[in-house]
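Enquirer: Pasting a structure below so you can have a look.
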Amino acid sequence: MPEVLVTVHLFASLREAAGTGRIRLRLPEATPVGAVWGHLPEPVRTRSDPPDGMRYALNHEWTLPGAPLRDGDEVALVLPVSGG
Amino acid sequence: MPEVLVTVHLFASLREAAGTGRIRLRLPEATPVGAVWGHLPEPVRTRSDPPDGMRYALNHEWTLPGAPLRDGDEVALVLPVSGG
Amino acid sequence: MVALSSIPLDLATLVQAATDPEHGGLVTFIGSTRRESDRRPVRTLVYEAYEELALRELQAIAEEAAARFGARLAVAHRTGRVPVGEPSVAVAASAPGRPEAFAACRYAIDELKARAPIWKQTEFADGQTTWLDGCQDREHGHWAEEGAPGEGQGPLPRASVRGGRPA
Amino acid sequence: MVALSSIPLDLATLVQAATDPEHGGLVTFIGSTRRESDRRPVRTLVYEAYEELALRELQAIAEEAAARFGARLAVAHRTGRVPVGEPSVAVAASAPGRPEAFAACRYAIDELKARAPIWKQTEFADGQTTWLDGCQDREHGHWAEEGAPGEGQGPLPRASVRGGRPA
């Protein structure tokens with residue numbers, strides 16, 4: 001099965017758990033961005049499912065969980081926000 | 001009829017019309033503050049009735065038009081306001 | 001803190017006066033002279049306060065807002081000549097949360113405009129001046145809306161509009 | 001103007017950026033770190049932004065508010081460590097009249113808090129730290145409301161609360 005290499009951007013507690021703000025993952029081609037969580041390494045994925053209110057960005061634009069990943073994509077896991 | 005001597009504080013166009021911010025008036029004892037307008041000198045009283053929304057202060061506190069004047073009182077004719 | 005000031009209002013001073021370490025939100029309102037009034041160019045505004053009562057009224061408004069919204073307020077109003085573009089009034093209100101901070105600031109500026117004994121004289125670019133005090137404005141706050149000034153429409157006496165007053 | 005800043009926010013800069021000579025009202029909101037969170041003393045907050053997208057989102061919010069309310073906006077958010085009492089976020093919005101200025105400012109701060117990809121880590125006085133990001137907070141925004149931290153109630157894994165991090 002063909003694979004794609006993507007960069008995953010991590011923030012807040014995910015970034016701390018990973019020890020880095022970006023990791024690279026090899027994923028099956030056309031994996032939807034919403035499935036990236038399940039492919040995170042165990043020490044990073046501190047819970048089985050993404051938290052309620054999780055959003056996703058693809059190449060620094062908002063996207064939907066169903067968007068398929070292509071080779072070279074930069075996907076961001078945008079945890080529920082708390083700015084302000 | 002006994003009279004009282006009061007100081008009338010004038011502002012904005014009334015003050016300009018009077019050429020001064022305060023005038024003294026001799027008025028019949030117990031004249032209500034709401035009647036002061038009718039006793040203003042002709043050049044000051046630019047209209048026959050006080051404008052809608054006119055308020056009154058007696059000795060620098062809000063008062064009602066029916067409040068009776070006593071000797072030495074300071075009455076202010078508070079025209080409709082436009083600050084801010 | 002409430003103040004009348006004949007020199008420019010300093011927003012930082014008001015913000016500092018309204019700051020409270022228990023309050024997470026602070027809202028300010030700044031009202032400035034616009035360069036047009038009813039589509040006529042304005043040169044400057046002149047504010048006149050009934051000082052004794054204006055200060056009491058500003059204090060009363062600040063206390064009402066504090067009681068209603070758990071807020072801490074600072075309110076200041078310019079007096080005298082205020083060139084176009086400069087703030088004529090400033091309010092700062094802090095509260096534990098942002099809805100109350102917004103509500104307290106809005107309450108204070110709305111009440112100030114309705115109640116504080118302060119009057120505004122508009123000086124137009126052509127030198128004509130008019131007070132907004134219910135005597136010189138045809139319709140309070142909408143002085144020249146129905147036509148050019150001095151045309152003798154409505155209850156405005158011609159004499160109440162002064163032309164060519166030296167600056 | 002929209003900005004992320006690792007140094008203290010300057011309100012005067014935002015006010016200047018939002019000023020428009022046609023606008024008579026200008027409203028600002030300043031959000032500051034409170035010295036307590038859920039009744040526990042706080043030492044400092046740390047803000048982390050997804051910078052590329054946060055700037056776009058702030059710009060989008062400013063443009064939405066401009067279109068809806070005829071407003072001009074400036075929005076800035078701190079990043080990094082923000083000591084208790086210092087502003088973490090500031091919004092300035094001017095509009096022709098004061099209702100629109102209030103509405104535009106309120107819209108911008110509400111949308112920012114709901115949408116901008118920026119996260120807050122609370123560092124308590126006892127050295128314990130926690131992110132408000134839906135993973136470490138038991139209930140988003142109400143982290144310690146039901147009990148002391150680390151008691152193992154609810155979905156919060158013990159490991160997600162870090163103790164004794166050096167300042």
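Just remember, in the structure tokens the first chain shown is A, the second B, etc., residues are 1-based per chain, and ligands are 1-based in the order shown.
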Could you write out, as a VMD selection string, all the residues of chain D that DSSP marks as helix (DSSP H, G or I)?

Expert: chain D and resid 11 to 18 51 to 69 98 to 115 158 to 160

Enquirer: Each residue of region 8-68 of chain D lying at most 10 Å from region 49-73 of chain A should get a row with its shortest atom-to-atom pair and the distance in Å to one decimal, counting only C-alpha atoms; could you produce that, ordered by chain and increasing number, as a Markdown table?

Expert:
| residue | atom | partner | partner_atom | distance |
| --- | --- | --- | --- | --- |
| D:Tyr50 | CA | A:His60 | CA | 9.0 |
| D:Glu51 | CA | A:His60 | CA | 9.4 |
| D:Glu52 | CA | A:His60 | CA | 6.4 |
| D:Leu53 | CA | A:His60 | CA | 5.6 |
| D:Ala54 | CA | A:His60 | CA | 9.4 |
| D:Arg56 | CA | A:Glu61 | CA | 8.6 |
| D:Glu57 | CA | A:Glu61 | CA | 9.5 |

Enquirer: May I have the residues within 9 Å of Ser48 (chain A) as a list in words, using only C-alpha atoms and disregarding those fewer than 2 positions away in the same chain?

Expert: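 The filter keeps Trp37, Gly38, Arg45, Thr46 and Pro50 of chain A.
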
Enquirer: Chain D residues within 12 Å of chain B, counting only C-alpha atoms: which ones, as a compact mmCIF listing (two decimals) with N, CA and C atoms, in the first residue's frame?

Expert:
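Resulting contents of result_36.txt:
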# COMPACT_ATOMS: atom_id res chain seq x y z
N GLY D 24 -16.20 58.09 15.90
CA GLY D 24 -16.32 58.84 17.15
C GLY D 24 -16.17 58.00 18.40
N GLY D 25 -16.26 56.67 18.26
CA GLY D 25 -16.18 55.81 19.44
C GLY D 25 -15.10 54.76 19.28
N GLY D 97 -20.13 55.08 15.64
CA GLY D 97 -20.86 55.33 16.88
C GLY D 97 -20.49 54.34 17.95
N ARG D 98 -20.90 54.62 19.20
CA ARG D 98 -20.45 53.76 20.27
C ARG D 98 -21.10 52.39 20.31

Enquirer: I'd like the neighbourhood of Val82 (chain D) as an NGL selection string, where a residue qualifies if any of its atoms comes within 9 Å (using only C-alpha atoms), though same-chain residues fewer than 2 positions away should be ignored.

Expert: :D and (6-8 or 32-33 or 44-47 or 78-80 or 84-88)

Enquirer: Kindly save the residues from that selection, with all heavy atoms included, as a CSV table (one decimal), in the first residue's frame.

Expert:
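Everything below was put into result.csv:
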chain,number,residue,atom,x,y,z
D,6,SER,N,5.8,38.6,22.2
D,6,SER,CA,6.4,38.0,23.4
D,6,SER,C,6.8,39.1,24.4
D,6,SER,O,7.4,38.7,25.5
D,6,SER,CB,7.6,37.2,23.0
D,6,SER,OG,8.6,38.0,22.3
D,7,ILE,N,6.6,40.3,24.1
D,7,ILE,CA,6.9,41.4,25.1
D,7,ILE,C,5.5,42.0,25.5
D,7,ILE,O,4.5,41.9,24.8
D,7,ILE,CB,7.9,42.4,24.6
D,7,ILE,CG1,7.3,43.0,23.3
D,7,ILE,CG2,9.2,41.8,24.3
D,7,ILE,CD1,8.2,44.2,22.8
D,8,PRO,N,5.5,42.8,26.6
D,8,PRO,CA,4.2,43.4,27.0
D,8,PRO,C,3.5,44.1,26.0
D,8,PRO,O,4.1,44.8,25.1
D,8,PRO,CB,4.7,44.3,28.2
D,8,PRO,CG,5.9,43.6,28.8
D,8,PRO,CD,6.6,43.1,27.6
D,32,SER,N,-6.4,40.2,31.4
D,32,SER,CA,-5.2,40.0,32.2
D,32,SER,C,-5.2,38.7,33.0
D,32,SER,O,-6.3,38.2,33.4
D,32,SER,CB,-5.0,41.2,33.2
D,32,SER,OG,-4.9,42.4,32.5
D,33,THR,N,-4.1,38.2,33.4
D,33,THR,CA,-3.9,37.1,34.2
D,33,THR,C,-4.4,37.4,35.6
D,33,THR,O,-3.9,38.4,36.2
D,33,THR,CB,-2.5,36.7,34.3
D,33,THR,OG1,-1.9,36.6,33.0
D,33,THR,CG2,-2.3,35.4,35.0
D,44,THR,N,2.3,32.4,37.3
D,44,THR,CA,2.4,32.9,35.9
D,44,THR,C,1.6,32.1,34.9
D,44,THR,O,1.2,31.0,35.2
D,44,THR,CB,3.9,33.0,35.5
D,44,THR,OG1,4.0,33.9,34.4
D,44,THR,CG2,4.4,31.6,35.1
D,45,LEU,N,1.3,32.7,33.8
D,45,LEU,CA,0.7,31.9,32.7
D,45,LEU,C,1.7,31.8,31.6
D,45,LEU,O,2.5,32.7,31.4
D,45,LEU,CB,-0.6,32.6,32.2
D,45,LEU,CG,-1.8,32.7,33.1
D,45,LEU,CD1,-3.1,32.3,32.2
D,45,LEU,CD2,-1.8,31.8,34.3
D,46,VAL,N,1.6,30.8,30.8
D,46,VAL,CA,2.4,30.7,29.6
D,46,VAL,C,1.4,30.5,28.4
D,46,VAL,O,0.6,29.6,28.5
D,46,VAL,CB,3.4,29.4,29.7
D,46,VAL,CG1,4.2,29.3,28.5
D,46,VAL,CG2,4.2,29.6,31.0
D,47,TYR,N,1.6,31.3,27.4
D,47,TYR,CA,0.8,31.2,26.2
D,47,TYR,C,1.6,30.7,25.0
D,47,TYR,O,2.7,31.1,24.8
D,47,TYR,CB,0.2,32.5,25.8
D,47,TYR,CG,-0.9,33.0,26.8
D,47,TYR,CD1,-0.7,33.7,27.9
D,47,TYR,CD2,-2.3,32.6,26.5
D,47,TYR,CE1,-1.7,34.1,28.8
D,47,TYR,CE2,-3.3,33.0,27.4
D,47,TYR,CZ,-3.0,33.7,28.5
D,47,TYR,OH,-4.0,34.1,29.4
D,78,ARG,N,-0.4,38.1,23.7
D,78,ARG,CA,1.0,37.8,24.2
D,78,ARG,C,1.2,36.3,24.0
D,78,ARG,O,0.3,35.5,23.9
D,78,ARG,CB,1.0,38.0,25.8
D,78,ARG,CG,1.3,39.3,26.3
D,78,ARG,CD,2.8,39.8,26.0
D,78,ARG,NE,3.8,39.2,26.9
D,78,ARG,CZ,4.0,39.6,28.1
D,78,ARG,NH1,3.3,40.6,28.7
D,78,ARG,NH2,5.0,39.1,28.9
D,79,THR,N,2.5,36.0,23.9
D,79,THR,CA,3.0,34.6,23.9
D,79,THR,C,4.1,34.5,24.9
D,79,THR,O,4.7,35.5,25.3
D,79,THR,CB,3.5,34.2,22.5
D,79,THR,OG1,4.6,35.1,22.1
D,79,THR,CG2,2.4,34.2,21.4
D,80,GLY,N,4.3,33.2,25.3
D,80,GLY,CA,5.3,33.0,26.3
D,80,GLY,C,4.8,33.3,27.7
D,80,GLY,O,3.6,33.3,28.0
D,84,VAL,N,1.4,37.3,36.5
D,84,VAL,CA,0.1,37.6,37.0
D,84,VAL,C,-0.1,39.2,37.0
D,84,VAL,O,0.8,39.9,37.3
D,84,VAL,CB,-0.1,37.2,38.5
D,84,VAL,CG1,-1.2,37.9,39.2
D,84,VAL,CG2,-0.3,35.7,38.5
D,85,GLY,N,-1.3,39.6,36.5
D,85,GLY,CA,-1.6,41.0,36.5
D,85,GLY,C,-1.2,41.7,35.1
D,85,GLY,O,-1.7,42.8,34.9
D,86,GLU,N,-0.4,41.0,34.3
D,86,GLU,CA,-0.1,41.6,33.0
D,86,GLU,C,-1.1,41.2,32.0
D,86,GLU,O,-1.7,40.1,32.0
D,86,GLU,CB,1.3,41.2,32.5
D,86,GLU,CG,2.4,41.9,33.3
D,86,GLU,CD,3.8,41.7,32.6
D,86,GLU,OE1,3.8,41.3,31.4
D,86,GLU,OE2,4.8,41.9,33.3
D,87,PRO,N,-1.4,42.1,31.0
D,87,PRO,CA,-2.3,41.8,29.9
D,87,PRO,C,-1.8,40.6,29.1
D,87,PRO,O,-0.7,40.6,28.7
D,87,PRO,CB,-2.4,43.1,29.1
D,87,PRO,CG,-2.0,44.2,30.0
D,87,PRO,CD,-1.0,43.6,30.9
D,88,SER,N,-2.7,39.7,28.8
D,88,SER,CA,-2.4,38.6,27.9
D,88,SER,C,-3.0,38.9,26.5
D,88,SER,O,-2.5,38.4,25.5
D,88,SER,CB,-2.9,37.3,28.4
D,88,SER,OG,-4.3,37.4,28.7

Enquirer: For chain C against chain D, with a cut-off of 6 Å and counting only C-alpha atoms, what is the closest atom pair and its distance in Å to one decimal for every residue that makes the cut, ordered by chain and number, as JSON lines?

Expert:
{"residue": "C:Glu22", "atom": "CA", "partner": "D:Arg34", "partner_atom": "CA", "distance": 5.9}
{"residue": "C:Gly24", "atom": "CA", "partner": "D:Ser32", "partner_atom": "CA", "distance": 5.0}
{"residue": "C:Gly25", "atom": "CA", "partner": "D:Gly31", "partner_atom": "CA", "distance": 4.7}
{"residue": "C:Leu26", "atom": "CA", "partner": "D:Ile30", "partner_atom": "CA", "distance": 5.1}
{"residue": "C:Val27", "atom": "CA", "partner": "D:Phe29", "partner_atom": "CA", "distance": 4.5}
{"residue": "C:Thr28", "atom": "CA", "partner": "D:Thr28", "partner_atom": "CA", "distance": 5.1}
{"residue": "C:Phe29", "atom": "CA", "partner": "D:Val27", "partner_atom": "CA", "distance": 4.5}
{"residue": "C:Ile30", "atom": "CA", "partner": "D:Leu26", "partner_atom": "CA", "distance": 5.1}
{"residue": "C:Gly31", "atom": "CA", "partner": "D:Gly25", "partner_atom": "CA", "distance": 4.8}
{"residue": "C:Ser32", "atom": "CA", "partner": "D:Gly24", "partner_atom": "CA", "distance": 5.0}
{"residue": "C:Arg34", "atom": "CA", "partner": "D:Gly24", "partner_atom": "CA", "distance": 5.5}

Enquirer: Go ahead and write the residues just picked, all heavy atoms, as an mmCIF file, in the first residue's frame.

Expert:
data_model
loop_
_atom_site.group_PDB
_atom_site.id
_atom_site.type_symbol
_atom_site.label_atom_id
_atom_site.label_comp_id
_atom_site.auth_asym_id
_atom_site.auth_seq_id
_atom_site.Cartn_x
_atom_site.Cartn_y
_atom_site.Cartn_z
ATOM 1 N N GLU C 22 -7.969 41.308 41.141
ATOM 2 C CA GLU C 22 -8.960 40.217 41.097
ATOM 3 C C GLU C 22 -9.765 40.227 39.792
ATOM 4 O O GLU C 22 -10.620 39.372 39.602
ATOM 5 C CB GLU C 22 -9.946 40.327 42.270
ATOM 6 C CG GLU C 22 -9.313 40.413 43.637
ATOM 7 C CD GLU C 22 -8.539 39.143 43.991
ATOM 8 O OE1 GLU C 22 -8.831 38.096 43.403
ATOM 9 O OE2 GLU C 22 -7.626 39.242 44.824
ATOM 10 N N GLY C 24 -10.194 40.068 35.757
ATOM 11 C CA GLY C 24 -9.527 39.565 34.561
ATOM 12 C C GLY C 24 -9.829 40.335 33.290
ATOM 13 O O GLY C 24 -9.148 40.194 32.294
ATOM 14 N N GLY C 25 -10.891 41.168 33.310
ATOM 15 C CA GLY C 25 -11.266 41.902 32.104
ATOM 16 C C GLY C 25 -11.364 43.387 32.354
ATOM 17 O O GLY C 25 -11.851 43.824 33.394
ATOM 18 N N LEU C 26 -10.875 44.171 31.411
ATOM 19 C CA LEU C 26 -10.957 45.625 31.515
ATOM 20 C C LEU C 26 -11.366 46.186 30.161
ATOM 21 O O LEU C 26 -10.757 45.857 29.136
ATOM 22 C CB LEU C 26 -9.614 46.208 31.974
ATOM 23 C CG LEU C 26 -9.624 47.687 32.345
ATOM 24 C CD1 LEU C 26 -8.600 47.982 33.448
ATOM 25 C CD2 LEU C 26 -9.335 48.577 31.144
ATOM 26 N N VAL C 27 -12.402 46.998 30.166
ATOM 27 C CA VAL C 27 -12.921 47.590 28.927
ATOM 28 C C VAL C 27 -12.835 49.102 29.033
ATOM 29 O O VAL C 27 -13.135 49.672 30.091
ATOM 30 C CB VAL C 27 -14.382 47.151 28.687
ATOM 31 C CG1 VAL C 27 -14.998 47.898 27.507
ATOM 32 C CG2 VAL C 27 -14.445 45.651 28.445
ATOM 33 N N THR C 28 -12.392 49.726 27.962
ATOM 34 C CA THR C 28 -12.376 51.187 27.943
ATOM 35 C C THR C 28 -13.223 51.695 26.783
ATOM 36 O O THR C 28 -13.371 51.015 25.763
ATOM 37 C CB THR C 28 -10.954 51.778 27.777
ATOM 38 O OG1 THR C 28 -10.506 51.557 26.441
ATOM 39 C CG2 THR C 28 -9.969 51.162 28.751
ATOM 40 N N PHE C 29 -13.766 52.882 26.975
ATOM 41 C CA PHE C 29 -14.416 53.589 25.880
ATOM 42 C C PHE C 29 -13.757 54.961 25.750
ATOM 43 O O PHE C 29 -13.539 55.647 26.746
ATOM 44 C CB PHE C 29 -15.914 53.780 26.130
ATOM 45 C CG PHE C 29 -16.571 54.611 25.055
ATOM 46 C CD1 PHE C 29 -16.945 54.039 23.859
ATOM 47 C CD2 PHE C 29 -16.742 55.979 25.218
ATOM 48 C CE1 PHE C 29 -17.504 54.804 22.848
ATOM 49 C CE2 PHE C 29 -17.295 56.754 24.219
ATOM 50 C CZ PHE C 29 -17.681 56.161 23.031
ATOM 51 N N ILE C 30 -13.450 55.323 24.518
ATOM 52 C CA ILE C 30 -12.911 56.657 24.240
ATOM 53 C C ILE C 30 -13.818 57.309 23.207
ATOM 54 O O ILE C 30 -14.026 56.761 22.121
ATOM 55 C CB ILE C 30 -11.483 56.578 23.661
ATOM 56 C CG1 ILE C 30 -10.563 55.774 24.582
ATOM 57 C CG2 ILE C 30 -10.922 57.982 23.435
ATOM 58 C CD1 ILE C 30 -9.262 55.379 23.908
ATOM 59 N N GLY C 31 -14.361 58.459 23.553
ATOM 60 C CA GLY C 31 -15.163 59.213 22.598
ATOM 61 C C GLY C 31 -14.363 60.393 22.085
ATOM 62 O O GLY C 31 -13.803 61.159 22.868
ATOM 63 N N SER C 32 -14.315 60.505 20.771
ATOM 64 C CA SER C 32 -13.512 61.581 20.173
ATOM 65 C C SER C 32 -14.369 62.456 19.274
ATOM 66 O O SER C 32 -15.390 62.022 18.752
ATOM 67 C CB SER C 32 -12.370 60.988 19.347
ATOM 68 O OG SER C 32 -11.535 60.192 20.156
ATOM 69 N N ARG C 34 -15.492 64.003 16.058
ATOM 70 C CA ARG C 34 -15.384 63.657 14.644
ATOM 71 C C ARG C 34 -15.156 64.917 13.813
ATOM 72 O O ARG C 34 -15.526 66.011 14.218
ATOM 73 C CB ARG C 34 -16.655 62.969 14.176
ATOM 74 C CG ARG C 34 -16.746 61.587 14.709
ATOM 75 C CD ARG C 34 -17.831 60.829 14.011
ATOM 76 N NE ARG C 34 -18.929 60.568 14.904
ATOM 77 C CZ ARG C 34 -20.007 59.872 14.558
ATOM 78 N NH1 ARG C 34 -20.124 59.425 13.331
ATOM 79 N NH2 ARG C 34 -20.963 59.649 15.417
#

Enquirer: Skipping near chain neighbours, those fewer than 3 positions away, what residues fall within 12 Å of Pro41 (chain A) using only C-alpha atoms, listed as a count of residues only?

Expert: 17

Enquirer: Taking only C-alpha atoms into account, name the residue in B:Ala12, B:Leu40, B:Leu27, B:Ala35 that is nearest to Gly83 (chain B).

Expert: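 Distance minimum relative to Gly83 (chain B) lands on B:Ala12.
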
Enquirer: Have a look at C:Met1, C:Ala71, C:Ser37, C:Leu14 and name the one nearest to Leu132 (chain C); count only C-alpha atoms.

Expert: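 When distances to Leu132 (chain C) are compared using only C-alpha atoms, the smallest one comes from C:Ser37.
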
Enquirer: For CA of Ala95 (chain D) and CA of Ala62 (chain D), determine how far apart the two atoms are, in Å to one decimal place.

Expert: 12.7 Å

Enquirer: Write down as number ranges by chain the residues belonging to region 54-137 of chain D that are assigned strand (DSSP E or B) by DSSP computed on the backbone.

Expert: D: 72-78, 80-83, 87-95, 118-124, 129-132

Enquirer: Can you work out the spacing between CA of Tyr107 (chain D) and CA of Arg72 (chain D) in Å, to one decimal?

Expert: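 Pair CA of Tyr107 (chain D) / CA of Arg72 (chain D) returns 12.5 Å.
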
Enquirer: Closest to Trp131 (chain D) among A:Gly21, A:Val75, A:Gly34, A:Ser13, using only C-alpha atoms?

Expert: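 Under the stated criterion, the closest residue is A:Ser13.
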
Enquirer: Could you name the residues that touch Thr20 (chain A) at 10 Å or less, counting only C-alpha atoms, but leaving out those on the same chain fewer than 6 positions away, as a list of chain:residue names?

Expert: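 Answer for this query is A:His9, A:Leu10, A:Phe11, A:Leu14.
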